[in-house]
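A.B. asks: start20.cif is reproduced below (mmCIF, C-alpha atoms).
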```cif
data_final
#
loop_
_atom_site.label_atom_id
_atom_site.label_comp_id
_atom_site.auth_asym_id
_atom_site.auth_seq_id
_atom_site.Cartn_x
_atom_site.Cartn_y
_atom_site.Cartn_z
CA MET A 1 -50.93 7.36 3.48
CA ALA A 2 -50.56 10.84 5.01
CA ILE A 3 -47.61 11.08 7.41
CA ILE A 4 -48.09 14.83 7.88
CA GLU A 5 -51.49 16.46 8.15
CA LEU A 6 -52.20 20.05 9.09
CA LYS A 7 -55.82 21.09 9.61
CA ASN A 8 -56.86 24.77 9.75
CA VAL A 9 -53.50 25.77 11.20
CA ASP A 10 -52.89 29.38 12.26
CA LYS A 11 -49.69 30.68 13.78
CA ILE A 12 -49.52 34.13 15.38
CA TYR A 13 -46.37 35.57 16.94
CA ASN A 14 -47.12 38.11 19.65
CA SER A 15 -44.45 40.76 19.42
CA LYS A 16 -44.23 43.82 21.68
CA SER A 17 -45.91 46.04 19.12
CA ILE A 18 -48.49 44.12 17.07
CA PRO A 19 -49.27 40.43 16.58
CA VAL A 20 -47.82 38.93 13.40
CA GLN A 21 -49.75 36.14 11.70
CA ALA A 22 -47.15 33.88 10.11
CA LEU A 23 -49.56 31.17 8.90
CA LYS A 24 -53.23 31.47 7.98
CA ASN A 25 -55.65 28.55 7.78
CA ILE A 26 -53.11 26.02 6.48
CA ASN A 27 -54.58 22.72 5.30
CA LEU A 28 -51.93 20.33 4.00
CA LYS A 29 -51.27 16.61 3.67
CA ILE A 30 -47.89 15.06 2.88
CA ASN A 31 -47.85 11.38 1.96
CA SER A 32 -45.12 8.83 2.57
CA GLY A 33 -42.44 8.86 -0.12
CA GLU A 34 -43.02 12.43 -1.29
CA PHE A 35 -40.22 14.77 -2.43
CA THR A 36 -41.84 18.12 -1.72
CA ALA A 37 -40.58 21.70 -1.81
CA ILE A 38 -42.17 24.45 0.29
CA VAL A 39 -41.44 27.67 -1.61
CA GLY A 40 -42.18 31.37 -1.40
CA PRO A 41 -40.50 34.73 -0.79
CA SER A 42 -38.77 35.64 2.46
CA GLY A 43 -41.34 36.17 5.18
CA SER A 44 -43.94 33.96 3.48
CA GLY A 45 -43.99 31.45 6.36
CA LYS A 46 -41.80 28.65 4.94
CA THR A 47 -39.60 28.16 7.98
CA THR A 48 -42.53 28.53 10.38
CA LEU A 49 -44.40 25.82 8.48
CA LEU A 50 -41.35 23.53 8.53
CA ASN A 51 -40.86 24.14 12.26
CA ILE A 52 -44.48 23.20 12.92
CA MET A 53 -44.09 20.03 10.83
CA GLY A 54 -41.01 19.26 12.92
CA SER A 55 -42.85 19.94 16.20
CA LEU A 56 -40.24 22.63 16.94
CA ASP A 57 -42.97 25.27 17.11
CA SER A 58 -46.57 25.11 18.32
CA VAL A 59 -49.68 26.29 16.51
CA THR A 60 -51.95 29.10 17.71
CA SER A 61 -54.97 27.15 16.50
CA GLY A 62 -55.68 24.10 14.37
CA GLU A 63 -54.50 20.50 14.47
CA VAL A 64 -51.18 18.87 13.59
CA ILE A 65 -50.98 15.10 13.02
CA LEU A 66 -47.53 13.61 12.39
CA ASN A 67 -47.11 9.89 11.72
CA ASN A 68 -50.64 9.31 13.08
CA LYS A 69 -49.94 11.18 16.34
CA LYS A 70 -51.73 14.38 17.37
CA ILE A 71 -48.73 16.58 18.04
CA SER A 72 -50.81 19.56 19.11
CA GLU A 73 -51.91 17.61 22.20
CA MET A 74 -48.43 16.47 23.33
CA LYS A 75 -46.39 17.87 26.22
CA GLU A 76 -42.79 19.03 25.67
CA ASN A 77 -41.14 15.85 27.01
CA GLN A 78 -43.38 13.77 24.72
CA LEU A 79 -42.46 15.97 21.76
CA ILE A 80 -38.73 15.55 22.41
CA LYS A 81 -39.08 11.78 22.35
CA PHE A 82 -41.34 11.90 19.30
CA ARG A 83 -38.82 13.98 17.33
CA LEU A 84 -35.98 11.66 18.29
CA PHE A 85 -37.70 8.59 16.85
CA ASN A 86 -39.78 10.03 14.01
CA ILE A 87 -38.22 13.09 12.38
CA GLY A 88 -34.89 13.69 10.65
CA PHE A 89 -33.60 17.26 10.36
CA VAL A 90 -31.17 18.79 7.85
CA PHE A 91 -30.32 22.43 8.59
CA GLN A 92 -28.86 25.18 6.42
CA SER A 93 -25.93 25.56 8.83
CA TYR A 94 -25.29 21.77 9.07
CA ASN A 95 -25.44 21.83 12.93
CA LEU A 96 -22.77 19.15 13.33
CA ILE A 97 -21.04 18.85 16.71
CA PRO A 98 -17.51 20.27 16.15
CA VAL A 99 -15.66 18.01 18.61
CA LEU A 100 -17.11 14.79 17.18
CA THR A 101 -15.97 12.92 14.07
CA ALA A 102 -18.28 12.37 11.11
CA LEU A 103 -19.03 8.87 12.39
CA GLU A 104 -19.69 10.10 15.93
CA ASN A 105 -22.01 12.83 14.65
CA VAL A 106 -24.11 10.21 12.89
CA GLU A 107 -23.93 7.93 15.94
CA PHE A 108 -25.14 10.68 18.27
CA ILE A 109 -28.84 10.21 17.47
CA LEU A 110 -28.48 6.47 18.07
CA PHE A 111 -26.71 7.18 21.38
CA LEU A 112 -29.71 9.27 22.44
CA GLN A 113 -31.94 6.36 21.44
CA LYS A 114 -29.87 4.15 23.77
CA ILE A 115 -28.70 1.84 20.98
CA ASN A 116 -25.70 -0.27 22.02
CA ARG A 117 -22.21 0.76 20.92
CA LYS A 118 -21.58 -1.96 18.32
CA GLU A 119 -24.96 -1.48 16.65
CA ARG A 120 -24.47 2.31 16.68
CA TYR A 121 -21.08 2.04 15.04
CA ASN A 122 -22.22 -0.39 12.34
CA LYS A 123 -25.31 1.62 11.45
CA ALA A 124 -23.44 4.94 11.37
CA LEU A 125 -20.75 3.43 9.14
CA GLU A 126 -23.41 2.02 6.81
CA LEU A 127 -25.04 5.44 6.55
CA LEU A 128 -21.72 7.15 5.81
CA LYS A 129 -21.22 4.60 3.03
CA LYS A 130 -24.66 5.45 1.72
CA VAL A 131 -23.73 9.14 1.45
CA GLY A 132 -20.28 8.37 0.02
CA LEU A 133 -18.22 9.43 3.04
CA GLU A 134 -17.02 6.20 4.64
CA HIS A 135 -13.43 7.33 4.00
CA LYS A 136 -14.04 10.50 6.03
CA LYS A 137 -15.46 8.74 9.09
CA ASP A 138 -12.67 9.94 11.40
CA SER A 139 -12.69 13.54 10.16
CA LYS A 140 -14.15 16.31 12.29
CA PRO A 141 -16.49 18.90 10.71
CA ALA A 142 -13.72 21.51 10.34
CA GLN A 143 -11.81 19.02 8.17
CA LEU A 144 -14.75 18.57 5.80
CA SER A 145 -16.01 20.76 2.97
CA GLY A 146 -19.47 22.32 3.20
CA GLY A 147 -20.88 19.69 0.87
CA GLU A 148 -19.33 16.88 2.92
CA GLN A 149 -20.69 18.34 6.15
CA GLN A 150 -24.18 18.48 4.67
CA ARG A 151 -23.85 14.83 3.56
CA VAL A 152 -22.96 13.89 7.13
CA ALA A 153 -26.03 15.85 8.24
CA VAL A 154 -28.17 13.81 5.84
CA ALA A 155 -26.68 10.57 7.21
CA ARG A 156 -27.42 11.75 10.74
CA ALA A 157 -31.00 12.65 9.75
CA LEU A 158 -31.51 9.11 8.46
CA ALA A 159 -29.99 7.40 11.52
CA SER A 160 -33.25 7.12 13.45
CA ASN A 161 -35.16 5.59 10.51
CA PRO A 162 -37.43 8.65 10.56
CA ALA A 163 -40.92 8.79 9.13
CA PHE A 164 -39.79 11.86 7.19
CA VAL A 165 -36.86 14.26 6.77
CA LEU A 166 -37.26 18.05 6.97
CA ALA A 167 -34.59 20.09 5.19
CA ASP A 168 -34.47 23.86 5.78
CA GLU A 169 -32.62 25.55 2.88
CA PRO A 170 -30.14 22.64 2.69
CA THR A 171 -28.27 23.97 -0.37
CA ALA A 172 -28.03 27.62 0.70
CA ASN A 173 -24.38 27.51 1.82
CA LEU A 174 -23.12 25.16 -0.91
CA ASP A 175 -21.37 25.83 -4.20
CA PHE A 176 -22.97 24.62 -7.42
CA ARG A 177 -21.28 21.20 -7.60
CA SER A 178 -21.79 20.42 -3.90
CA ALA A 179 -25.45 21.39 -4.14
CA GLU A 180 -25.97 19.20 -7.20
CA ASN A 181 -24.25 16.26 -5.47
CA LEU A 182 -26.40 16.71 -2.38
CA LEU A 183 -29.58 16.83 -4.44
CA ASP A 184 -28.51 13.72 -6.36
CA LEU A 185 -28.01 11.96 -3.03
CA MET A 186 -31.40 12.94 -1.59
CA GLN A 187 -33.18 12.16 -4.84
CA ASN A 188 -31.58 8.69 -4.91
CA LEU A 189 -32.54 8.06 -1.28
CA ASN A 190 -36.10 9.08 -2.11
CA LYS A 191 -36.28 6.72 -5.09
CA GLU A 192 -34.38 3.77 -3.65
CA TYR A 193 -35.60 3.79 -0.05
CA ASN A 194 -38.84 5.79 -0.41
CA THR A 195 -37.43 8.33 2.05
CA THR A 196 -39.83 11.25 2.45
CA PHE A 197 -38.19 14.67 2.08
CA ILE A 198 -39.82 18.07 2.66
CA PHE A 199 -37.70 21.10 1.79
CA SER A 200 -38.06 24.75 2.67
CA THR A 201 -36.25 26.49 -0.17
CA HIS A 202 -35.95 29.30 -2.65
CA ASP A 203 -33.21 27.50 -4.62
CA PRO A 204 -34.34 26.89 -8.24
CA ARG A 205 -32.22 23.70 -8.32
CA VAL A 206 -34.23 22.18 -5.48
CA ILE A 207 -37.54 23.39 -6.92
CA LYS A 208 -36.70 21.88 -10.30
CA ARG A 209 -36.18 18.44 -8.76
CA ALA A 210 -39.15 18.48 -6.38
CA LEU A 211 -42.07 16.27 -7.36
CA ARG A 212 -44.52 18.54 -5.57
CA ILE A 213 -44.34 22.28 -4.99
CA VAL A 214 -46.33 24.02 -2.25
CA THR A 215 -46.18 27.81 -2.61
CA LEU A 216 -46.70 30.16 0.33
CA GLU A 217 -47.35 33.88 0.26
CA ASP A 218 -48.09 35.97 3.34
CA GLY A 219 -48.74 32.82 5.37
CA LEU A 220 -51.24 31.36 2.90
CA ILE A 221 -50.91 28.40 0.57
CA ILE A 222 -51.56 30.00 -2.82
CA ASN A 223 -50.59 27.02 -4.96
CA ASP A 224 -50.04 23.28 -4.54
CA GLN A 225 -49.08 21.36 -7.64
CA ASN A 226 -47.27 18.29 -8.88
CA ASN A 227 -44.03 19.02 -10.71
CA ILE A 228 -43.76 15.99 -13.00
#
```
What would you get if you wrote out this structure as structure tokens?
C.D. replies:
Amino acid sequence: MAIIELKNVDKIYNSKSIPVQALKNINLKINSGEFTAIVGPSGSGKTTLLNIMGSLDSVTSGEVILNNKKISEMKENQLIKFRLFNIGFVFQSYNLIPVLTALENVEFILFLQKINRKERYNKALELLKKVGLEHKKDSKPAQLSGGEQQRVAVARALASNPAFVLADEPTANLDFRSAENLLDLMQNLNKEYNTTFIFSTHDPRVIKRALRIVTLEDGLIINDQNNI
């Protein structure tokens, strides 16, 4: 079943000089349980495409359907609520809240969802166990390595039981071993829990592990293939 569907999507940024078309007639379906990499050179439209899938950016024309909801027709307050309950995000820069512990960072999404304190705590602790960081639950981001921070970010992304997780260059700031460990983790989550991951990446390690590779060039999908 398609949990992401883009139909004839165009995205044009109107700069002061000339309009820039970041995406051109994108037609794409992502099914539940996929482990997909969006690849292409810098400026190809990868991040724009991921932002549209995450309802962080609007389309100039076309239709976006996420988890059976027509996102392109929603108002901003509806989009905020939709993201909170349907989409997990993993960013290149981790985006953890510095003053909160690892546990509290994972809990934060559940707090926004108005989950009670005991349930929040138990679920956040379970997710930290899942990513191998239960013993670091009281550590703040500055006390964690880059790889550990990104694992906390993955746990936070999973906290809302999202329909899918979007990861924008998640290995870019990690050393080789940390990147491999993170990819192992996400691959295991995909296999064991059927968690859907969509990556924007130029990292060969991520591309090698992806089960599907969608290649962009100048805002166009030029290739879409299984990588099995």
A.B. asks: Convert the output of the PyMOL selection byres ((chain A and resi 89) around 7) on the shown file into explicit residues, formatted as a list in words.
C.D. replies: Ile87, Gly88, Val90, Phe91, Ala157, Val165, Leu166 and Ala167 of chain A
A.B. asks: Check which residues satisfy the PyMOL selection byres ((chain A and resi 4) around 9) in the file shown, then give them as a list of chain:residue names.
C.D. replies: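 Selection result, ordered by chain and number: A:Ala2, A:Ile3, A:Glu5, A:Leu6, A:Leu28, A:Lys29, A:Ile30, A:Asn31, A:Ser32, A:Met53, A:Val64, A:Ile65, A:Leu66, A:Asn67, A:Asn68, A:Phe164.
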A.B. asks: Find the residues with any atom within 9 Å of (-33.1, 24.5, -2.3); use only C-alpha atoms and the coordinates as given in the file, and write the answer as a short mmCIF file (atom, residue, chain, number, x, y, z; two decimals) with C-alpha atoms, keeping the file's coordinate frame.
C.D. replies:
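Here's the written file part-v6.cif:
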```
data_model
loop_
_atom_site.label_atom_id
_atom_site.label_comp_id
_atom_site.auth_asym_id
_atom_site.auth_seq_id
_atom_site.Cartn_x
_atom_site.Cartn_y
_atom_site.Cartn_z
CA ALA A 37 -40.58 21.70 -1.81
CA VAL A 39 -41.44 27.67 -1.61
CA ALA A 167 -34.59 20.09 5.19
CA ASP A 168 -34.47 23.86 5.78
CA GLU A 169 -32.62 25.55 2.88
CA PRO A 170 -30.14 22.64 2.69
CA THR A 171 -28.27 23.97 -0.37
CA ALA A 172 -28.03 27.62 0.70
CA ALA A 179 -25.45 21.39 -4.14
CA LEU A 183 -29.58 16.83 -4.44
CA PHE A 199 -37.70 21.10 1.79
CA SER A 200 -38.06 24.75 2.67
CA THR A 201 -36.25 26.49 -0.17
CA HIS A 202 -35.95 29.30 -2.65
CA ASP A 203 -33.21 27.50 -4.62
CA PRO A 204 -34.34 26.89 -8.24
CA ARG A 205 -32.22 23.70 -8.32
CA VAL A 206 -34.23 22.18 -5.48
CA ILE A 207 -37.54 23.39 -6.92
#
```
A.B. asks: I need the residue nearest Val9 of chain A from this list: A:Glu76, A:Glu148, A:Ala142, A:Leu220. Use all atoms listed in the file for the distance.
C.D. replies: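 Result for the nearest residue to Val9 of chain A: A:Leu220.
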A.B. asks: Go ahead and compute the interatomic distance for atom CA of Ser139 of chain A and atom CA of Leu189 of chain A, in Å to one decimal.
C.D. replies: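 So the answer is 23.6 Å.
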A.B. asks: Just so the selection is clear, what residues does the PyMOL selection byres ((chain A and resi 113) around 12) cover here, as a list in words?
C.D. replies: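 Checking the PyMOL selection byres ((chain A and resi 113) around 12) against this file, the residues are Ile80, Lys81, Phe82, Arg83, Leu84, Phe85, Asn86, Glu107, Phe108, Ile109, Leu110, Phe111, Leu112, Lys114, Ile115, Asn116, Arg117, Glu119, Arg120, Ala159, Ser160 and Asn161 of chain A.
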A.B. asks: Between atom CA of Arg177 of chain A and atom CA of Ala124 of chain A, what is the distance, to one decimal in Å?
C.D. replies: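 According to the coordinates, atom CA of Arg177 of chain A and atom CA of Ala124 of chain A are separated by 25.1 Å.
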A.B. asks: Kindly give the distance, in Å, that separates atom CA of Gly43 of chain A and atom CA of Glu180 of chain A, rounded to a single decimal.
C.D. replies: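 So the answer is 26.0 Å.
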A.B. asks: Between A:Ile12, A:Ser93, A:Thr36, A:Lys7, which is the closest to Gly62 of chain A once you count only C-alpha atoms?
C.D. replies: A:Lys7
A.B. asks: If we count only C-alpha atoms, what is near Gln143 of chain A at a cut-off of 12 Å, once residues fewer than 3 positions away on the same chain are taken out, given as a ChimeraX atom specification?
C.D. replies: /A:98-102,136-140,146-149
A.B. asks: For each of A:Pro41, A:Gly132, A:Gly219, A:Gly54, take the minimum atom-to-atom distance to Lys24 of chain A, counting only C-alpha atoms, then give the residue where this is smallest.
C.D. replies: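 Among the listed residues, the smallest separation from Lys24 of chain A belongs to A:Gly219.
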A.B. asks: When you count only C-alpha atoms, which of these residues is closest to Ile38 of chain A: A:Thr215, A:Gln225, A:Gln92, A:Ser17?
C.D. replies: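 Smallest separation from Ile38 of chain A among the options: A:Thr215.
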A.B. asks: Please return, as a list in words, all polymer residues that have at least one atom within 12 Å of the point (-45.8, 22.0, 25.4); use only C-alpha atoms and the file's own coordinate frame.
C.D. replies: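 Output: Ser55, Leu56, Asp57, Ser58, Val59, Ile71, Ser72, Glu73, Met74, Lys75, Glu76, Asn77, Gln78, Leu79 and Ile80 of chain A.
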A.B. asks: May I ask which of the residues A:Lys191, A:Lys70, A:Glu217, A:Asn223 is the closest one to Glu34 of chain A, counting only C-alpha atoms?
C.D. replies: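 Comparing A:Lys191, A:Lys70, A:Glu217, A:Asn223 against Glu34 of chain A, the winner is A:Lys191.
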A.B. asks: Restore N, CA and C atoms in segment 180-216 of chain A and list the result as a tab-separated table (two decimals), in the frame of the given file.
C.D. replies:
```tsv
chain	number	residue	atom	x	y	z
A	180	GLU	N	-25.49	20.22	-6.26
A	180	GLU	CA	-25.97	19.20	-7.20
A	180	GLU	C	-25.74	17.79	-6.65
A	181	ASN	N	-24.57	17.57	-6.05
A	181	ASN	CA	-24.25	16.26	-5.47
A	181	ASN	C	-25.20	15.93	-4.33
A	182	LEU	N	-25.49	16.93	-3.50
A	182	LEU	CA	-26.40	16.71	-2.38
A	182	LEU	C	-27.80	16.37	-2.87
A	183	LEU	N	-28.26	17.09	-3.89
A	183	LEU	CA	-29.58	16.83	-4.44
A	183	LEU	C	-29.65	15.46	-5.10
A	184	ASP	N	-28.58	15.08	-5.79
A	184	ASP	CA	-28.51	13.72	-6.36
A	184	ASP	C	-28.69	12.69	-5.26
A	185	LEU	N	-27.97	12.89	-4.16
A	185	LEU	CA	-28.01	11.96	-3.03
A	185	LEU	C	-29.43	11.84	-2.48
A	186	MET	N	-30.06	12.97	-2.20
A	186	MET	CA	-31.40	12.94	-1.59
A	186	MET	C	-32.44	12.39	-2.56
A	187	GLN	N	-32.26	12.69	-3.83
A	187	GLN	CA	-33.18	12.16	-4.84
A	187	GLN	C	-33.05	10.64	-4.94
A	188	ASN	N	-31.81	10.15	-4.87
A	188	ASN	CA	-31.58	8.69	-4.91
A	188	ASN	C	-32.15	8.00	-3.67
A	189	LEU	N	-31.98	8.63	-2.51
A	189	LEU	CA	-32.54	8.06	-1.28
A	189	LEU	C	-34.06	8.01	-1.36
A	190	ASN	N	-34.65	9.04	-1.94
A	190	ASN	CA	-36.10	9.08	-2.11
A	190	ASN	C	-36.58	7.95	-3.02
A	191	LYS	N	-35.86	7.74	-4.13
A	191	LYS	CA	-36.28	6.72	-5.09
A	191	LYS	C	-36.00	5.30	-4.60
A	192	GLU	N	-34.80	5.12	-4.02
A	192	GLU	CA	-34.38	3.77	-3.65
A	192	GLU	C	-35.00	3.28	-2.35
A	193	TYR	N	-35.13	4.19	-1.38
A	193	TYR	CA	-35.60	3.79	-0.05
A	193	TYR	C	-36.96	4.39	0.30
A	194	ASN	N	-37.56	5.13	-0.63
A	194	ASN	CA	-38.84	5.79	-0.41
A	194	ASN	C	-38.78	6.76	0.77
A	195	THR	N	-37.59	7.35	0.98
A	195	THR	CA	-37.43	8.33	2.05
A	195	THR	C	-38.21	9.59	1.71
A	196	THR	N	-39.01	10.05	2.65
A	196	THR	CA	-39.83	11.25	2.45
A	196	THR	C	-39.01	12.50	2.80
A	197	PHE	N	-38.91	13.42	1.84
A	197	PHE	CA	-38.19	14.67	2.08
A	197	PHE	C	-39.14	15.85	1.88
A	198	ILE	N	-39.09	16.80	2.80
A	198	ILE	CA	-39.82	18.07	2.66
A	198	ILE	C	-38.80	19.19	2.81
A	199	PHE	N	-38.68	20.01	1.80
A	199	PHE	CA	-37.70	21.10	1.79
A	199	PHE	C	-38.38	22.45	1.98
A	200	SER	N	-37.75	23.32	2.73
A	200	SER	CA	-38.06	24.75	2.67
A	200	SER	C	-36.95	25.36	1.83
A	201	THR	N	-37.30	26.04	0.74
A	201	THR	CA	-36.25	26.49	-0.17
A	201	THR	C	-36.70	27.63	-1.07
A	202	HIS	N	-35.71	28.38	-1.53
A	202	HIS	CA	-35.95	29.30	-2.65
A	202	HIS	C	-34.95	29.01	-3.76
A	203	ASP	N	-34.23	27.89	-3.65
A	203	ASP	CA	-33.21	27.50	-4.62
A	203	ASP	C	-33.88	26.87	-5.85
A	204	PRO	N	-33.72	27.45	-7.03
A	204	PRO	CA	-34.34	26.89	-8.24
A	204	PRO	C	-33.92	25.46	-8.52
A	205	ARG	N	-32.70	25.08	-8.09
A	205	ARG	CA	-32.22	23.70	-8.32
A	205	ARG	C	-33.05	22.70	-7.53
A	206	VAL	N	-33.40	23.06	-6.30
A	206	VAL	CA	-34.23	22.18	-5.48
A	206	VAL	C	-35.65	22.13	-6.05
A	207	ILE	N	-36.18	23.31	-6.40
A	207	ILE	CA	-37.54	23.39	-6.92
A	207	ILE	C	-37.69	22.58	-8.20
A	208	LYS	N	-36.67	22.62	-9.03
A	208	LYS	CA	-36.70	21.88	-10.30
A	208	LYS	C	-36.82	20.38	-10.07
A	209	ARG	N	-36.20	19.89	-9.02
A	209	ARG	CA	-36.18	18.44	-8.76
A	209	ARG	C	-37.37	17.96	-7.93
A	210	ALA	N	-38.02	18.87	-7.23
A	210	ALA	CA	-39.15	18.48	-6.38
A	210	ALA	C	-40.27	17.89	-7.23
A	211	LEU	N	-40.94	16.89	-6.67
A	211	LEU	CA	-42.07	16.27	-7.36
A	211	LEU	C	-43.39	16.96	-7.02
A	212	ARG	N	-43.35	17.76	-5.97
A	212	ARG	CA	-44.52	18.54	-5.57
A	212	ARG	C	-44.04	19.89	-5.05
A	213	ILE	N	-44.72	20.94	-5.42
A	213	ILE	CA	-44.34	22.28	-4.99
A	213	ILE	C	-45.52	22.95	-4.30
A	214	VAL	N	-45.31	23.31	-3.04
A	214	VAL	CA	-46.33	24.02	-2.25
A	214	VAL	C	-45.84	25.47	-2.09
A	215	THR	N	-46.60	26.41	-2.61
A	215	THR	CA	-46.18	27.81	-2.61
A	215	THR	C	-46.92	28.61	-1.55
A	216	LEU	N	-46.13	29.30	-0.72
A	216	LEU	CA	-46.70	30.16	0.33
A	216	LEU	C	-46.52	31.63	-0.04
```
